[in-house]
Amino acid sequence: MGVGKKVLDDVKPYLMMVLLQVGYAGMYIVSVASLKQGMNHFVLVTYRNVVATAVMTPFAIFFERGLRPKITMPIFIKICGLALLEPVIDQNLYYLGNKLTSASFSSALVNILPAVTFIMAIILRMEKLRFRSLHSQAKVAGTMCTVTGAVLMIMYHGPVVQFPWAKGAHHADPSAAAAAQSSATWLTGTIMIIASCVAWAGFFVLQSNTLNSYPAPLTLTSIICAMGAVTNAAVTLVAERRDMGVWKVGLDTRLFTVVYSGIVCSGVAFYVQGLVTKTRGPVFVTAFQPLCMLITAVMGSILLKEETTLGSVIGAAIIVLGLYSLIWGKSSDILDSKPANSAAEKLALPLTSVAANGNSGNGGANGCNGGRHVCGGQVADDVETPAPVKGAICY
C-alpha cells in the first residue's frame, strides 16, 4: 500500500500537467474561433475571470475553512501583482496576439515560456547554476536553443506544410498566406505573444513565492480571479467606452469560450499550477508546453483549417529540443535534493549546548569541534547524547 501511494504521489504531478495541457489546447482553438468571429478580447478576459471566481470560491470556502492565514500587507501586494500579471497583462496580450497570428503558431511560440521562467528564476536566485556541472550546462544550452527556435519562427516562414489528415482542406492561395504571415500584423501578434510569456513567467515565479507565505491555493486562486475580473472590467470600460455593445455574448461559441476558459484555464489551471509549483518549482510547471503545441497543431489544422509553415515546424522542433535539454538539466535538482535531505535527516544526531569552563559550549577544554560538544566526563546533563566510550574519537 505504501509503495503504491508513493508511486501515485510521484506520478500525480506529471498526470496533472498533461491533462492541463490538453485543456489549454482546447482553449487555444475555441478562443481563436471566437476572436475571429468578432469577440472583444478585453470582454473575454473579464467574463473568463468572473466565471473562474464563481466556480472556485465555493470550493475555497468549503475546503479551506479555518486554514486560511491572515492576509497581511506584503501578501496583499503580491496578490495584486499576480492579478495584474496573469488575468490582465498576460491574457489580454495573448488573446490579441493569438487573433493576429494563429492558434498553432501561438501555441508553438509559447514554448519559450520555460526558458523565460528559468532566466527569471536565475535573476531572482531561485535557481542555481554550477557551470562545471553537466546539468547546469544543459540548462544554459536548452535556454539558448529555445530562444534560437523562437527567433527562427519569427524571421523565417517558408512553404506551407501539408499534414496528411488535412489534405484538401486548405483552399487558400499559398502565396497569399505567405504574404499575410510576413505582414506587420503578424509581427505585432508575435511580439504580443512573447510579451505575454514574460508576464506569465513572472506570474509563475511570484505565485511560487506567494504560496510560501499564503499556503491556501484555492483561496488564492479565487482572490486572483476576482481581482483580475474587477481590474480588467475597469480597463474594458475605458478601452471600449465608445461601444458598450461589446459586452453582449450570445448563445454561441463565444459563451462556450467564456465558460470553458474560465473553469478550465483560469480556475482549475491556477489551482493545479499552484500545487505543482509548490512541490516541483515553476520551471517544471512550464515544461509540458510542447504537448499542448502538438495537440493544438493537429486540432487547428482540422477544425480551423489553419496552415503551418516550414519555418514554424523547424523553429518549434528546435524549441522542443532546447526545452527538454532544460528539463533534463532541471531534473537533477529534483533527483539530487530529496536523497540528500533524507540522508542528512537519518545521519543527524541531536546536539545540546553544554557549558564548559564558564563558556556556552565554545571553549571547553575537553570538547570536540571547537568545544561545541563535550566528550569528557562532565556531561551528565547531556542526556540526548550517549555516554562516550573511553578512547573514542569525536567527530
# chains A, B, ... in the order shown; residues from 1 in each chain; ligands from 1
$ residues_around --residues "A:Leu220" --least-positions-apart "2" --cutoff "10 Å" --atoms "only C-alpha atoms" --output "short mmCIF file (atom, residue, chain, number, x, y, z; two decimals) with C-alpha atoms, in the first residue's frame"
data_model
loop_
_atom_site.label_atom_id
_atom_site.label_comp_id
_atom_site.auth_asym_id
_atom_site.auth_seq_id
_atom_site.Cartn_x
_atom_site.Cartn_y
_atom_site.Cartn_z
CA MET A 56 -13.63 28.33 -7.37
CA THR A 57 -14.94 30.43 -4.46
CA ALA A 60 -12.20 27.66 -1.29
CA ARG A 68 -6.58 30.46 5.51
CA ILE A 79 -1.79 39.07 -4.81
CA LEU A 82 -0.47 38.18 -9.51
CA GLN A 207 2.98 32.54 -7.35
CA THR A 210 3.31 33.81 -2.53
CA LEU A 211 2.29 30.22 -1.72
CA TYR A 214 -0.07 32.12 2.00
CA PRO A 215 -0.48 28.31 1.71
CA ALA A 216 -4.15 28.30 0.70
CA PRO A 217 -4.15 27.64 -3.07
CA LEU A 218 -7.93 27.55 -3.59
CA SER A 222 -10.34 32.80 -6.10
CA ILE A 223 -8.86 36.12 -4.99
CA ILE A 224 -6.61 36.37 -8.06
CA CYS A 225 -9.51 35.71 -10.42
CA ALA A 226 -11.81 38.15 -8.59
CA PHE A 270 -4.31 28.32 -11.37
CA TYR A 271 -5.04 25.80 -8.60
CA GLY A 274 -0.04 26.31 -7.64
#
$ residues_around --residues "A:Met293" --least-positions-apart "5" --cutoff "7 Å" --atoms "only C-alpha atoms" --output "list in words"
Ser104, Ser107 and Ala108 of chain A
$ residues_around --residues "A:Ala121" --least-positions-apart "2" --cutoff "10 Å" --atoms "only C-alpha atoms" --output "number ranges by chain"
A: 115-119, 123-128, 201-202, 204-205, 281-283
$ closest_residue --among "A:Ser208, A:Ser102, A:Thr188, A:Gln37" --to "A:Lys278" --atoms "only C-alpha atoms"
A:Ser208
$ closest_residue --among "A:Thr143, A:Pro87, A:Thr219, A:Val50" --to "A:Arg65" --atoms "only C-alpha atoms"
A:Thr219
$ residues_around --residues "A:Gly189" --least-positions-apart "2" --cutoff "12 Å" --atoms "only C-alpha atoms" --output "PyMOL selection string"
chain A and resi 92-103+105-106+109+154+181-187+191-196
$ closest_residue --among "A:Glu64, A:Glu86, A:Asp243, A:Asp10" --to "A:Ala229" --atoms "only C-alpha atoms"
A:Glu86
$ select_by_dssp --residues "stretch 53-251 of chain A" --states "alpha helix (DSSP H)" --output "number ranges by chain"
A: 53-63, 73-83, 91-100, 103-109, 113-123, 134-155, 174-181, 184-213, 217-239
$ closest_residue --among "A:Phe76, A:Tyr156, A:Trp247, A:Trp200" --to "A:Gly38" --atoms "only C-alpha atoms"
A:Trp247
$ closest_residue --among "A:Ala25, A:Ala54, A:Leu134, A:Leu206" --to "A:Cys80" --atoms "only C-alpha atoms"
A:Leu206
$ atom_distance --atom1 "atom CA of A:Leu255" --atom2 "atom CA of A:Arg241"
21.8 Å
$ atom_distance --atom1 "atom CA of A:Gly267" --atom2 "atom CA of A:Ala52"
4.7 Å
$ atom_distance --atom1 "atom CA of A:Glu306" --atom2 "atom CA of A:Val198"
26.0 Å
$ closest_residue --among "A:Thr286, A:Ser133, A:Thr231, A:Ser312" --to "A:Val88" --atoms "only C-alpha atoms"
A:Thr231
$ residues_around --residues "A:Phe284" --least-positions-apart "6" --cutoff "9 Å" --atoms "only C-alpha atoms" --output "number ranges by chain"
A: 114, 276-277, 327, 330-331
